Each structure stands twice: as structure tokens, then as C-alpha cells.
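Peer 1: My file is data_0.txt. It has compact mmCIF, C-alpha atoms:
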```
# COMPACT_ATOMS: atom_id res chain seq x y z
CA MET A 1 116.07 126.35 130.07
CA ASN A 2 115.08 125.41 126.57
CA ALA A 3 114.62 127.78 123.69
CA ARG A 4 111.13 129.15 123.39
CA GLU A 5 109.29 128.68 120.13
CA ARG A 6 107.17 131.37 118.53
CA ILE A 7 103.76 130.10 117.50
CA VAL A 8 100.84 131.65 115.67
CA THR A 9 97.52 129.94 116.14
CA THR A 10 93.84 130.73 115.63
CA VAL A 11 91.51 129.97 118.53
CA ASN A 12 87.77 130.47 118.08
CA GLY A 13 88.46 132.65 115.06
CA ARG A 14 90.94 134.94 116.84
CA ARG A 15 94.62 134.95 115.94
CA TYR A 16 97.16 134.65 118.75
CA GLU A 17 100.94 134.94 118.62
CA ARG A 18 102.96 133.73 121.61
CA GLU A 19 106.32 132.32 122.59
CA VAL A 20 106.11 128.99 124.40
CA GLU A 21 108.38 126.37 125.88
CA PRO A 22 108.17 123.23 123.69
CA ARG A 23 106.95 121.19 126.66
CA MET A 24 103.92 123.38 127.29
CA LEU A 25 100.76 121.30 126.81
CA LEU A 26 97.96 122.73 124.71
CA THR A 27 95.71 122.66 127.80
CA ASP A 28 98.07 124.96 129.70
CA PHE A 29 98.49 127.19 126.67
CA LEU A 30 94.74 127.69 126.32
CA ARG A 31 94.17 128.23 130.03
CA ARG A 32 97.24 130.16 131.16
CA GLU A 33 98.48 131.96 128.07
CA LEU A 34 95.11 132.77 126.53
CA GLY A 35 92.92 132.77 129.67
CA LEU A 36 90.45 130.36 128.06
CA THR A 37 89.69 128.36 131.19
CA GLY A 38 86.63 126.66 129.72
CA THR A 39 88.89 123.80 128.63
CA HIS A 40 89.21 121.70 131.78
CA VAL A 41 92.16 119.63 132.95
CA GLY A 42 91.29 116.28 134.50
CA CYS A 43 93.65 113.34 134.22
CA GLU A 44 96.39 114.82 132.01
CA HIS A 45 96.99 111.50 130.31
CA GLY A 46 94.22 111.24 127.78
CA VAL A 47 91.74 109.14 129.72
CA CYS A 48 89.01 111.49 131.03
CA GLY A 49 88.21 113.63 127.99
CA ALA A 50 87.68 116.86 129.98
CA CYS A 51 90.22 118.77 127.86
CA THR A 52 88.78 117.76 124.47
CA VAL A 53 88.98 120.57 121.89
CA ILE A 54 88.67 120.69 118.10
CA VAL A 55 92.00 120.97 116.25
CA ASP A 56 91.73 121.55 112.50
CA GLY A 57 88.27 120.02 112.37
CA HIS A 58 88.85 116.95 114.55
CA SER A 59 88.36 116.46 118.27
CA ALA A 60 91.61 115.92 120.15
CA ARG A 61 92.84 115.69 123.73
CA ALA A 62 94.52 119.02 124.48
CA CYS A 63 96.55 117.30 127.24
CA LEU A 64 98.16 115.05 124.62
CA CYS A 65 99.20 117.89 122.29
CA PHE A 66 101.94 120.42 122.77
CA ALA A 67 101.14 124.07 122.15
CA VAL A 68 104.04 124.24 119.74
CA GLN A 69 102.29 121.65 117.55
CA ALA A 70 99.33 124.01 117.18
CA HIS A 71 101.42 126.44 115.15
CA GLY A 72 99.34 127.28 112.09
CA SER A 73 96.31 125.33 113.40
CA GLU A 74 92.71 126.37 113.92
CA ILE A 75 91.37 125.46 117.33
CA ARG A 76 87.85 125.55 118.69
CA THR A 77 87.15 125.46 122.40
CA VAL A 78 83.92 125.56 124.38
CA GLU A 79 84.18 129.37 124.39
CA GLY A 80 83.66 129.18 120.62
CA LEU A 81 80.19 127.63 120.95
CA GLY A 82 77.24 129.78 122.04
CA THR A 83 77.12 132.55 124.62
CA ALA A 84 75.08 132.64 127.85
CA ASP A 85 72.41 134.61 126.03
CA ALA A 86 72.52 132.59 122.82
CA LEU A 87 73.39 128.96 123.50
CA SER A 88 74.21 126.65 120.61
CA ASP A 89 71.61 123.98 119.82
CA LEU A 90 73.78 121.43 121.59
CA GLN A 91 74.22 123.59 124.69
CA GLU A 92 70.50 124.31 124.71
CA ALA A 93 69.77 120.57 124.61
CA PHE A 94 72.19 119.99 127.51
CA ARG A 95 70.38 122.72 129.51
CA LYS A 96 66.92 121.40 128.69
CA HIS A 97 67.75 117.76 129.56
CA HIS A 98 69.81 118.57 132.69
CA ALA A 99 72.82 116.96 131.05
CA LEU A 100 75.21 118.43 133.59
CA GLN A 101 75.46 118.68 137.32
CA CYS A 102 78.89 119.89 138.47
CA GLY A 103 79.84 120.86 134.93
CA PHE A 104 83.45 119.72 135.08
CA CYS A 105 83.18 117.28 132.17
CA THR A 106 80.78 119.45 130.18
CA PRO A 107 83.21 121.41 127.96
CA GLY A 108 84.90 118.17 126.88
CA MET A 109 81.52 116.47 126.39
CA LEU A 110 80.32 119.35 124.24
CA MET A 111 83.41 119.47 122.05
CA THR A 112 83.30 115.68 121.56
CA CYS A 113 79.62 115.99 120.59
CA VAL A 114 80.40 118.79 118.12
CA ASP A 115 82.77 116.39 116.35
CA VAL A 116 80.81 113.11 116.53
CA LEU A 117 77.56 114.76 115.43
CA GLU A 118 79.34 115.58 112.18
CA LYS A 119 81.18 112.29 111.72
CA TYR A 120 78.69 109.60 112.76
CA PRO A 121 74.95 109.06 112.25
CA LEU A 122 74.34 108.58 116.01
CA ALA A 123 71.11 106.86 115.03
CA ASP A 124 70.55 104.95 118.26
CA GLU A 125 71.38 105.07 121.93
CA HIS A 126 74.12 102.46 121.61
CA GLU A 127 75.94 104.52 119.02
CA ILE A 128 75.66 107.67 121.13
CA ARG A 129 77.02 105.89 124.21
CA GLU A 130 79.88 104.52 122.15
CA ALA A 131 80.68 108.00 120.81
CA LEU A 132 80.68 109.45 124.34
CA SER A 133 82.68 106.61 125.88
CA GLY A 134 85.89 108.65 125.91
CA ASN A 135 84.41 111.32 128.18
CA LEU A 136 83.96 110.52 131.85
CA CYS A 137 81.15 112.08 133.87
CA ARG A 138 80.89 111.27 137.58
CA CYS A 139 77.56 113.04 138.25
CA THR A 140 74.88 112.32 135.72
CA GLY A 141 75.08 108.60 135.05
CA TYR A 142 75.09 109.73 131.38
CA GLU A 143 71.31 109.26 130.97
CA HIS A 144 70.57 112.94 130.52
CA ILE A 145 73.61 113.51 128.32
CA VAL A 146 72.54 110.71 126.00
CA ARG A 147 69.03 112.22 125.80
CA ALA A 148 70.42 115.65 124.93
CA VAL A 149 72.66 114.27 122.20
CA ALA A 150 69.85 112.09 120.80
CA GLU A 151 67.61 115.15 120.51
CA VAL A 152 70.23 117.12 118.57
CA ALA A 153 71.13 114.16 116.37
CA ASN A 154 67.45 113.52 115.52
CA LYS A 155 66.79 117.18 114.84
CA ARG A 156 69.77 117.52 112.53
CA ARG A 157 68.86 114.30 110.73
CA SER A 158 65.31 115.53 110.05
CA GLU A 159 66.68 118.90 108.87
CA ARG A 160 68.93 117.10 106.40
CA ALA A 161 66.14 114.82 105.15
CA MET B 1 102.08 116.18 135.65
CA LYS B 2 104.15 118.08 133.13
CA PRO B 3 106.87 116.74 130.84
CA ALA B 4 110.51 117.44 131.62
CA PRO B 5 112.06 120.02 129.28
CA PHE B 6 113.11 118.86 125.84
CA GLU B 7 114.39 120.32 122.62
CA TYR B 8 111.92 120.36 119.76
CA ALA B 9 112.48 119.85 116.05
CA ARG B 10 109.84 120.05 113.33
CA PRO B 11 111.39 118.70 110.13
CA GLU B 12 109.37 118.67 106.92
CA THR B 13 111.16 115.97 104.94
CA VAL B 14 112.06 112.36 105.67
CA GLU B 15 115.74 113.15 105.04
CA GLU B 16 115.72 115.85 107.73
CA VAL B 17 114.06 113.44 110.18
CA LEU B 18 116.68 110.78 109.49
CA SER B 19 119.58 113.17 109.92
CA ILE B 20 118.25 114.38 113.29
CA LEU B 21 117.74 110.77 114.42
CA ALA B 22 121.26 109.86 113.25
CA GLU B 23 122.69 112.75 115.22
CA HIS B 24 120.83 112.16 118.49
CA GLY B 25 120.36 108.36 118.57
CA ASP B 26 118.47 107.14 121.62
CA GLU B 27 118.33 110.66 123.07
CA ALA B 28 115.67 111.43 120.46
CA LYS B 29 112.03 110.35 120.33
CA ILE B 30 109.75 110.60 117.32
CA LEU B 31 106.49 112.47 118.02
CA ALA B 32 103.74 111.36 115.63
CA GLY B 33 100.18 111.21 116.99
CA GLY B 34 101.51 111.36 120.55
CA GLN B 35 98.64 109.33 122.00
CA SER B 36 100.98 106.83 123.68
CA LEU B 37 104.11 108.97 123.89
CA VAL B 38 102.69 112.11 125.51
CA PRO B 39 101.19 110.29 128.54
CA LEU B 40 104.64 108.72 129.10
CA LEU B 41 106.20 112.19 128.89
CA ASN B 42 103.57 113.69 131.20
CA PHE B 43 104.30 110.97 133.76
CA ARG B 44 108.05 111.55 133.15
CA MET B 45 108.47 107.85 132.48
CA LEU B 46 110.35 109.05 129.40
CA ARG B 47 112.68 112.06 129.31
CA PRO B 48 114.05 112.39 125.77
CA ALA B 49 116.50 115.21 125.09
CA ILE B 50 114.80 116.03 121.82
CA LEU B 51 111.38 115.39 120.31
CA VAL B 52 111.27 115.04 116.54
CA ASP B 53 107.78 116.08 115.48
CA VAL B 54 107.04 114.32 112.17
CA ASN B 55 103.50 115.68 111.81
CA ARG B 56 104.56 118.10 109.05
CA VAL B 57 106.30 115.48 106.91
CA ALA B 58 103.76 115.43 104.08
CA ALA B 59 105.51 112.55 102.26
CA LEU B 60 104.50 110.18 105.10
CA ASP B 61 100.78 110.91 104.77
CA PHE B 62 99.15 108.85 102.02
CA LEU B 63 96.76 105.94 101.57
CA GLU B 64 96.35 104.18 98.24
CA VAL B 65 95.41 100.86 96.70
CA ASP B 66 98.14 99.48 94.46
CA GLY B 67 96.91 96.22 92.91
CA ASP B 68 96.37 93.79 95.78
CA ILE B 69 98.36 95.96 98.21
CA LEU B 70 97.11 98.78 100.43
CA ARG B 71 99.98 101.26 100.76
CA VAL B 72 99.67 103.24 103.97
CA GLY B 73 101.98 106.14 104.80
CA ALA B 74 103.30 105.98 108.37
CA LEU B 75 101.58 109.24 109.32
CA THR B 76 98.11 107.97 108.33
CA ARG B 77 95.73 108.43 111.28
CA HIS B 78 93.49 105.70 112.69
CA LEU B 79 90.54 107.90 111.76
CA SER B 80 91.66 108.17 108.12
CA LEU B 81 91.77 104.38 107.93
CA GLU B 82 88.34 104.14 109.58
CA LEU B 83 86.73 106.65 107.20
CA SER B 84 88.56 105.66 104.00
CA ASP B 85 86.40 104.40 101.11
CA ALA B 86 89.18 102.06 99.97
CA VAL B 87 89.33 100.49 103.43
CA ARG B 88 85.55 100.25 103.67
CA THR B 89 85.21 98.41 100.37
CA ARG B 90 88.46 96.41 100.18
CA LEU B 91 89.39 95.81 103.82
CA PRO B 92 86.31 95.92 106.06
CA VAL B 93 88.15 93.96 108.75
CA LEU B 94 90.52 96.92 109.17
CA ARG B 95 87.68 99.38 109.40
CA ARG B 96 86.03 97.30 112.12
CA ALA B 97 89.33 97.08 113.98
CA MET B 98 89.78 100.87 113.83
CA GLU B 99 86.33 101.42 115.34
CA HIS B 100 87.63 99.59 118.40
CA VAL B 101 90.66 101.86 118.88
CA ALA B 102 90.06 104.08 121.90
CA HIS B 103 87.86 107.09 121.04
CA VAL B 104 87.43 109.48 118.16
CA ALA B 105 89.66 112.13 119.77
CA ILE B 106 92.45 109.56 120.02
CA ARG B 107 91.87 108.10 116.55
CA SER B 108 92.04 111.56 114.99
CA ARG B 109 95.68 111.87 116.17
CA GLY B 110 97.13 108.36 116.47
CA THR B 111 99.07 107.07 113.46
CA ILE B 112 99.81 103.64 112.00
CA GLY B 113 103.57 104.22 112.17
CA GLY B 114 103.27 105.24 115.80
CA SER B 115 101.08 102.32 116.79
CA LEU B 116 103.33 99.72 115.15
CA SER B 117 106.47 101.33 116.61
CA HIS B 118 104.94 101.45 120.09
CA ALA B 119 103.97 97.77 119.77
CA ASP B 120 101.42 97.44 122.53
CA PRO B 121 100.50 93.72 122.59
CA ALA B 122 96.81 94.64 122.98
CA ALA B 123 96.66 97.27 120.22
CA GLU B 124 94.62 96.71 117.07
CA LEU B 125 97.02 97.90 114.36
CA PRO B 126 99.86 95.54 115.29
CA MET B 127 97.37 92.67 115.11
CA MET B 128 96.13 93.92 111.73
CA ALA B 129 99.76 94.02 110.59
CA ARG B 130 100.14 90.35 111.47
CA LEU B 131 96.76 89.38 109.99
CA LEU B 132 97.38 91.19 106.70
CA ASP B 133 101.03 90.11 106.27
CA ALA B 134 102.26 93.69 106.54
CA ARG B 135 105.58 94.63 105.02
CA ILE B 136 106.94 97.49 107.10
CA HIS B 137 109.24 99.94 105.34
CA VAL B 138 111.90 101.32 107.64
CA ARG B 139 114.48 103.98 106.84
CA ASN B 140 117.53 105.42 108.52
CA SER B 141 120.33 107.60 107.24
CA GLY B 142 122.05 104.46 105.91
CA GLY B 143 119.19 103.36 103.68
CA GLU B 144 115.91 101.44 103.63
CA ARG B 145 114.89 97.94 104.66
CA VAL B 146 111.60 96.10 104.59
CA VAL B 147 110.58 94.07 107.64
CA ASP B 148 107.82 91.46 107.67
CA ALA B 149 105.35 92.00 110.50
CA ALA B 150 106.26 88.49 111.66
CA ASP B 151 109.82 89.70 112.38
CA PHE B 152 108.92 93.20 113.58
CA PHE B 153 107.28 92.62 116.97
CA LEU B 154 109.71 91.11 119.48
CA ALA B 155 108.14 91.61 122.92
CA PRO B 156 105.69 93.96 124.66
CA LEU B 157 106.57 97.53 123.56
CA THR B 158 109.63 96.17 121.77
CA THR B 159 110.24 95.96 118.02
CA SER B 160 113.20 95.33 115.77
CA LEU B 161 113.53 99.11 115.26
CA GLU B 162 116.79 100.83 116.21
CA PRO B 163 116.78 104.36 117.71
CA GLU B 164 117.77 105.96 114.40
CA ASP B 165 115.01 104.14 112.43
CA LEU B 166 111.81 105.67 111.08
CA VAL B 167 108.84 103.65 109.83
CA THR B 168 107.86 105.30 106.55
CA GLU B 169 105.24 103.02 105.01
CA VAL B 170 103.17 99.93 105.77
CA ARG B 171 102.02 97.66 102.96
CA LEU B 172 99.02 95.48 103.77
CA SER B 173 98.06 92.57 101.54
CA LEU B 174 94.42 92.89 100.43
CA PRO B 175 92.35 89.71 100.45
CA PRO B 176 90.57 89.01 97.13
CA GLN B 177 87.17 90.67 96.62
CA GLY B 178 84.40 88.66 98.25
CA SER B 179 86.62 87.26 101.00
CA GLY B 180 84.96 86.72 104.33
CA TRP B 181 86.23 88.54 107.41
CA ALA B 182 85.58 88.97 111.11
CA PHE B 183 86.91 90.94 114.07
CA GLU B 184 85.83 90.27 117.65
CA GLU B 185 87.20 91.92 120.74
CA TYR B 186 86.46 91.75 124.45
CA ALA B 187 87.22 94.83 126.54
CA GLN B 188 85.88 96.01 129.88
CA ARG B 189 84.53 99.24 128.44
CA SER B 190 84.16 100.57 124.91
CA GLY B 191 87.52 101.97 123.82
CA ASP B 192 89.61 100.29 126.54
CA PHE B 193 92.56 98.10 125.65
CA ALA B 194 91.19 94.65 124.93
CA PHE B 195 91.59 91.62 127.20
CA ALA B 196 91.68 89.66 123.95
CA ALA B 197 90.73 90.00 120.31
CA VAL B 198 90.73 87.69 117.31
CA SER B 199 90.44 88.55 113.62
CA ALA B 200 90.22 86.62 110.38
CA VAL B 201 90.06 86.89 106.61
CA VAL B 202 88.99 83.85 104.64
CA GLU B 203 88.56 82.76 101.04
CA ALA B 204 85.90 80.09 100.68
CA PRO B 205 84.11 80.72 97.38
CA GLU B 206 82.39 77.32 97.16
CA GLY B 207 82.08 76.69 100.88
CA ARG B 208 85.50 75.05 101.02
CA ILE B 209 88.14 77.10 102.83
CA GLU B 210 90.82 77.81 100.23
CA ASP B 211 92.79 80.18 102.38
CA ILE B 212 92.38 81.61 105.86
CA ARG B 213 94.40 84.03 107.95
CA LEU B 214 93.80 84.31 111.70
CA ALA B 215 95.45 86.64 114.22
CA ALA B 216 94.99 87.39 117.91
CA MET B 217 96.10 90.03 120.39
CA GLY B 218 96.13 90.57 124.14
CA VAL B 219 96.93 86.90 124.70
CA ASP B 220 100.70 86.79 124.23
CA GLU B 221 103.87 88.91 124.35
CA THR B 222 103.12 90.20 120.86
CA PRO B 223 100.19 89.94 118.46
CA VAL B 224 100.20 86.42 116.99
CA ARG B 225 99.20 84.57 113.85
CA LEU B 226 97.34 81.34 114.55
CA ASP B 227 99.27 79.28 111.98
CA ALA B 228 98.32 75.88 113.35
CA ILE B 229 94.60 76.62 113.06
CA GLU B 230 95.01 78.08 109.57
CA GLU B 231 96.76 74.85 108.60
CA GLU B 232 93.99 72.75 110.10
CA LEU B 233 91.20 74.62 108.29
CA ARG B 234 92.75 75.02 104.84
CA GLY B 235 91.06 72.86 102.20
CA ARG B 236 88.19 71.87 104.52
CA VAL B 237 84.49 72.58 104.61
CA LEU B 238 83.61 74.10 107.96
CA ASP B 239 81.53 71.97 110.33
CA GLY B 240 80.90 71.87 114.05
CA ARG B 241 83.70 69.42 114.81
CA LEU B 242 86.22 71.44 112.85
CA VAL B 243 85.24 74.59 114.76
CA ASP B 244 85.51 72.77 118.10
CA GLY B 245 88.99 71.60 117.16
CA ALA B 246 90.04 75.12 116.15
CA VAL B 247 88.75 76.51 119.43
CA GLU B 248 90.73 73.98 121.41
CA LEU B 249 93.86 74.74 119.38
CA ALA B 250 93.36 78.48 119.89
CA ARG B 251 93.21 78.03 123.65
CA GLN B 252 96.37 75.94 123.66
CA SER B 253 98.42 78.00 121.24
CA VAL B 254 98.63 81.26 123.21
CA ASN B 255 100.51 82.26 126.37
CA PRO B 256 98.43 84.90 128.11
CA ASN B 257 99.57 86.84 131.16
CA THR B 258 97.74 87.49 134.38
CA ASP B 259 97.54 91.19 135.20
CA LEU B 260 95.38 93.46 137.35
CA LYS B 261 92.56 93.32 134.82
CA ALA B 262 92.27 89.68 133.87
CA SER B 263 93.75 86.30 134.72
CA ALA B 264 95.58 84.19 132.18
CA GLU B 265 92.77 81.63 132.44
CA HIS B 266 90.16 84.30 131.67
CA ARG B 267 92.09 85.42 128.59
CA ARG B 268 92.54 81.82 127.44
CA HIS B 269 88.80 81.28 127.81
CA LEU B 270 88.09 84.43 125.77
CA MET B 271 90.51 83.21 123.15
CA GLY B 272 88.30 80.17 122.59
CA VAL B 273 85.04 82.13 122.59
CA LEU B 274 86.32 84.78 120.18
CA THR B 275 87.95 82.24 117.85
CA ARG B 276 84.65 80.35 117.55
CA ARG B 277 82.77 83.55 116.69
CA VAL B 278 85.38 84.81 114.26
CA ILE B 279 85.74 81.63 112.23
CA THR B 280 81.98 81.18 111.97
CA GLN B 281 81.32 84.81 111.05
CA ALA B 282 84.15 85.05 108.55
CA VAL B 283 83.11 81.95 106.65
CA GLY B 284 79.47 83.12 106.77
CA ARG B 285 80.41 86.47 105.26
CA THR B 286 82.24 84.93 102.32
CA GLY B 287 80.97 86.15 98.97
CA LYS B 288 79.00 89.03 100.44
CA ALA B 289 79.85 92.58 99.34
CA ALA B 290 81.21 95.02 101.91
CA ALA B 291 78.58 97.19 103.58
```
Show me, as C-alpha cells, the structure contained in the file I just sent.
Peer 2:
Amino acid sequence: MNARERIVTTVNGRRYEREVEPRMLLTDFLRRELGLTGTHVGCEHGVCGACTVIVDGHSARACLCFAVQAHGSEIRTVEGLGTADALSDLQEAFRKHHALQCGFCTPGMLMTCVDVLEKYPLADEHEIREALSGNLCRCTGYEHIVRAVAEVANKRRSERA
Amino acid sequence: MKPAPFEYARPETVEEVLSILAEHGDEAKILAGGQSLVPLLNFRMLRPAILVDVNRVAALDFLEVDGDILRVGALTRHLSLELSDAVRTRLPVLRRAMEHVAHVAIRSRGTIGGSLSHADPAAELPMMARLLDARIHVRNSGGERVVDAADFFLAPLTTSLEPEDLVTEVRLSLPPQGSGWAFEEYAQRSGDFAFAAVSAVVEAPEGRIEDIRLAAMGVDETPVRLDAIEEELRGRVLDGRLVDGAVELARQSVNPNTDLKASAEHRRHLMGVLTRRVITQAVGRTGKAAA
């Protein structure tokens, strides 16, 4: 048994202190240690995007990070977006455009969108599809997701103008 | 799919990293961005005794223009290269290459030192290292050496690095302002590893090609420079026959593999198509300012 490491990390604005085995993935830390099961676990090798979270301002695959690496980091998960009564603009757009069916990919999709909406103009459908290409959805055929993201991107662009 | 247990070290200086590597040799693995390493750990294809997490080594994280050299610290992320103003204005071919690396959540973690050390024959940064005549600075507890990209990549996933070595810096040679450039890649889906890709930088101020560098990936054991084509094009004014000759040379000069995704013949075909596009685009862009 390997030595456990003490980590302090901030998730959705709340500070957590835990002792973890070095090999514990960030996905398992969020889900099992903190009970934040909104972050989903799909492929566990960085291909499906279901576990995407925001680490220190950038989207990252939680299955390709160790919890011990998050020491001192600020993490945002889907639980840090809106609530059922007060959805974020992005979540509201997903609801309105039926951008989810089974919902398994949705937390990863949302966290990717949070990041790419800030980093890239997302001015046309091609750019949006490119930005979403690291998140697999087996239900929607992506059409509705692309529409939801386009609406938010257009709205934010006109607010900035 | 969970990694086997390992010890974990989080040094904050290069010296500490080197002393841990010297102590543990091939029992140790360096953890940088982790985007290639962690899947191998999750699959238990690798079971290192100790992971040396270099993410807190601040001295490895820098990006600066120094004359006609771009100095890139080994811990520089793909995303930092993609979003850098210096790269956008001085090395647009690198920016375009970075946009083709996987997805934003991978680019935000993956590092240049990690990508070169991993040496996937279909990865963009190793090809950029060949294209831009990278000088790769390598340290171990015995000292430092500088390895030309041409001598660094030996075989798929194999470099000239020893277990106790750490890549600390990569120096890329910047083409003169106004040089033309092009990057073309064919992959099954956006962000996938490419079947093949070709890139170029060219100096042709008066329409005559004074200098040209061409590199390809996905079509051989390692990324390759297309020396024979460079030789053929230098000093010439581009015309249709010259391009046809270069395309034929490109197809002949690589040794692609057949795998589950594409046959050798398919990759050889792509090599010709991409070479034609890249040479034409790069010469066409000569003299135009970066976007």
C-alpha cells in the first residue's frame, strides 16, 4: 500500500481537504470522495469527453488527471453551473433545443462548452462542431447540441458588441 | 481501468527532478501533461514504481522569441503555443499544427516536452520539431546536451533519451518574416491522429524559391524531412511540372505502414495529395503577413 497524500482543493468554490492514494484519478475523487457524481466516467482513457471538468480555467479530462495533481487547484464541475430552478444560459439553451436525450455525455459537453465559448469565436457551425469533436454523444446526432451552442455563442457575441 | 499503485513525487526544481530520475532510473516515469502517459497507466500497459510530476517546475514553463529562435520551455502546453501572440505572428505554421492536436481539453494539458519524448510518429509536435530544425535541450544529473531533432527520433515511441534524461527546452528556428507556410493533414475525424500530414515553410521573395523546408508525419517510423524535394525546389520558380515532380518524389520517399485504419498505399496516395497542396499554398502565401 502506498503512502496517501494530503490534498487541499477547491471545487465549485468549496474547499475540500482529503487524503488520497496517488493513483486515484480525479474522476474517482470527485465522484467517490466528494459525492459529485455529475462528472461522468465513460472510456477512462481520454477519448469520450464525458468526464470533462474545468481545472484552473481550462477544460481537462478528469480521467487523465490524478487527484493528487489537483492540490491547490480550482475545479469546476457541472454541479457548479446552474441549479434545477435557475439553469445557466448554456443549460437553458440545451433544454430549449433538446440537446440531450439520455444525458450521459451532457456534463462533459457542458463543461467543454463553458471553456470553448470563452476561448474561441464559434462564429459558424463548422467551428462549433470542431470545438465539440472531443465529446461523444450517441443519442442526438449532435444537431440539437450544435443549435444550442450556436444560440449561446450568438447571444454572447451580440452582448459584447 | 485503474492504474497500478505507484509512488508519487512532486519536485519543484529541475535539479530535484534529475536527482529523482538518477536514483530510480527506468523505474521512474515523468508525468507532464499526462495525455499519453495516463491512458497507458489506466490500461496498466505501464507500471512505473514512481511518477515524477514535473507540473510544478516553474523553470520549465516559458515561451520567448530570442532573435530568430523561439525558445520553448518543455512544460509549455499545446494550448499556450496555439494562443501565443509570438507564435501567431512569427510561426503561423505551428499555430495551425496545434489546432490539429486532439481537442481543447487535451491541448490544455499536453506539453511540448511530453509530446517530443513520447514520439508518436503521427503527432504534430515531433513533425514541427523536424520542420523547424529543433534543437532539443536534454539534462540529466551528469550535465546537459543538445540534440538535433534529426537525431532525436529513432523509431515509433522511441527517442535517443535515456531513462534519467529530462527534456528542458526546445529551440525552434523561426523562418524570416514574410516566409510562406502551409500545414495540411488528413484524419478520419477532427482531432484524431492523422493518417498523414505534410508541412512547409518557404522563402521565395521574388517568386524564386530561395529556401524551403518540408516535413511529413504518419507515413514513416518517425516524422521525416523531405530533403530530396527541398533540394529539387531550391533556386527554382514553381511551375506545374516542378510540382508534379515533387509529388512523385514525396510518394517514393516515404515508407508508410498498413494498420487497421489505413493501408500503406492509401497513406502514400495522401502523401502526394498533401504535398501538392502544401507546396502550392506555401509559395502562394509568401510575402503575406500572418493573419
Peer 1: Please, which residues of chain A lie no more than 7 Å from chain B when the count uses all atoms listed in the file, and can they be set out as a list in words?
Peer 2: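 Result: Asn2, Pro22, Arg23, Glu44, His45, His58, Ser59, Ala60, Arg61, Leu64, Glu130, Ser133 and Gly134 of chain A.
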Peer 1: Have a look at CA of Thr159 (chain B) and CA of Val278 (chain B) and let me know their distance in Å, one decimal.
Peer 2: 27.5 Å
Peer 1: Could you tell me how far CA of Val87 (chain B) sits from CA of Ala58 (chain B), in Å to one decimal place?
Peer 2: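 Between CA of Ala58 (chain B) and CA of Val87 (chain B) the gap works out to 20.8 Å.
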Peer 1: Could you give me, as a PyMOL selection string, the residues that sit within 9 Å of (83.0, 75.2, 100.0) in the file's coordinates, counting all atoms listed in the file?
Peer 2: chain B and resi 204-210+235-238
Peer 1: Have a look at A:Ser73, A:Thr106, A:Thr140, A:Thr83 and name the one nearest to Tyr16 (chain A); count all atoms listed in the file.
Peer 2: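 Nearest to Tyr16 (chain A): A:Ser73.
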Peer 1: Set the distance at 9 Å and use only C-alpha atoms: which residues neighbour Met111 (chain A) once local chain neighbours fewer than 3 positions away are removed? I'd like the list as a VMD selection string.
Peer 2: chain A and resid 51 to 54 59 76 to 78 81 106 to 108 114 to 116
Peer 1: For the point (73.2, 118.4, 121.4) in the file's frame, write as JSON, numbers by chain all residues with an atom no more than 8 Å away, counting all atoms listed in the file.
Peer 2: {"A": [89, 90, 91, 92, 93, 94, 110, 113, 114, 148, 149, 150, 151, 152, 153]}
Peer 1: Figure out the distance between CA of Leu25 (chain A) and CA of Ile75 (chain A), please, to one decimal in Å.
Peer 2: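 If I compute the distance from CA of Ile75 (chain A) to CA of Leu25 (chain A), I get 14.0 Å.
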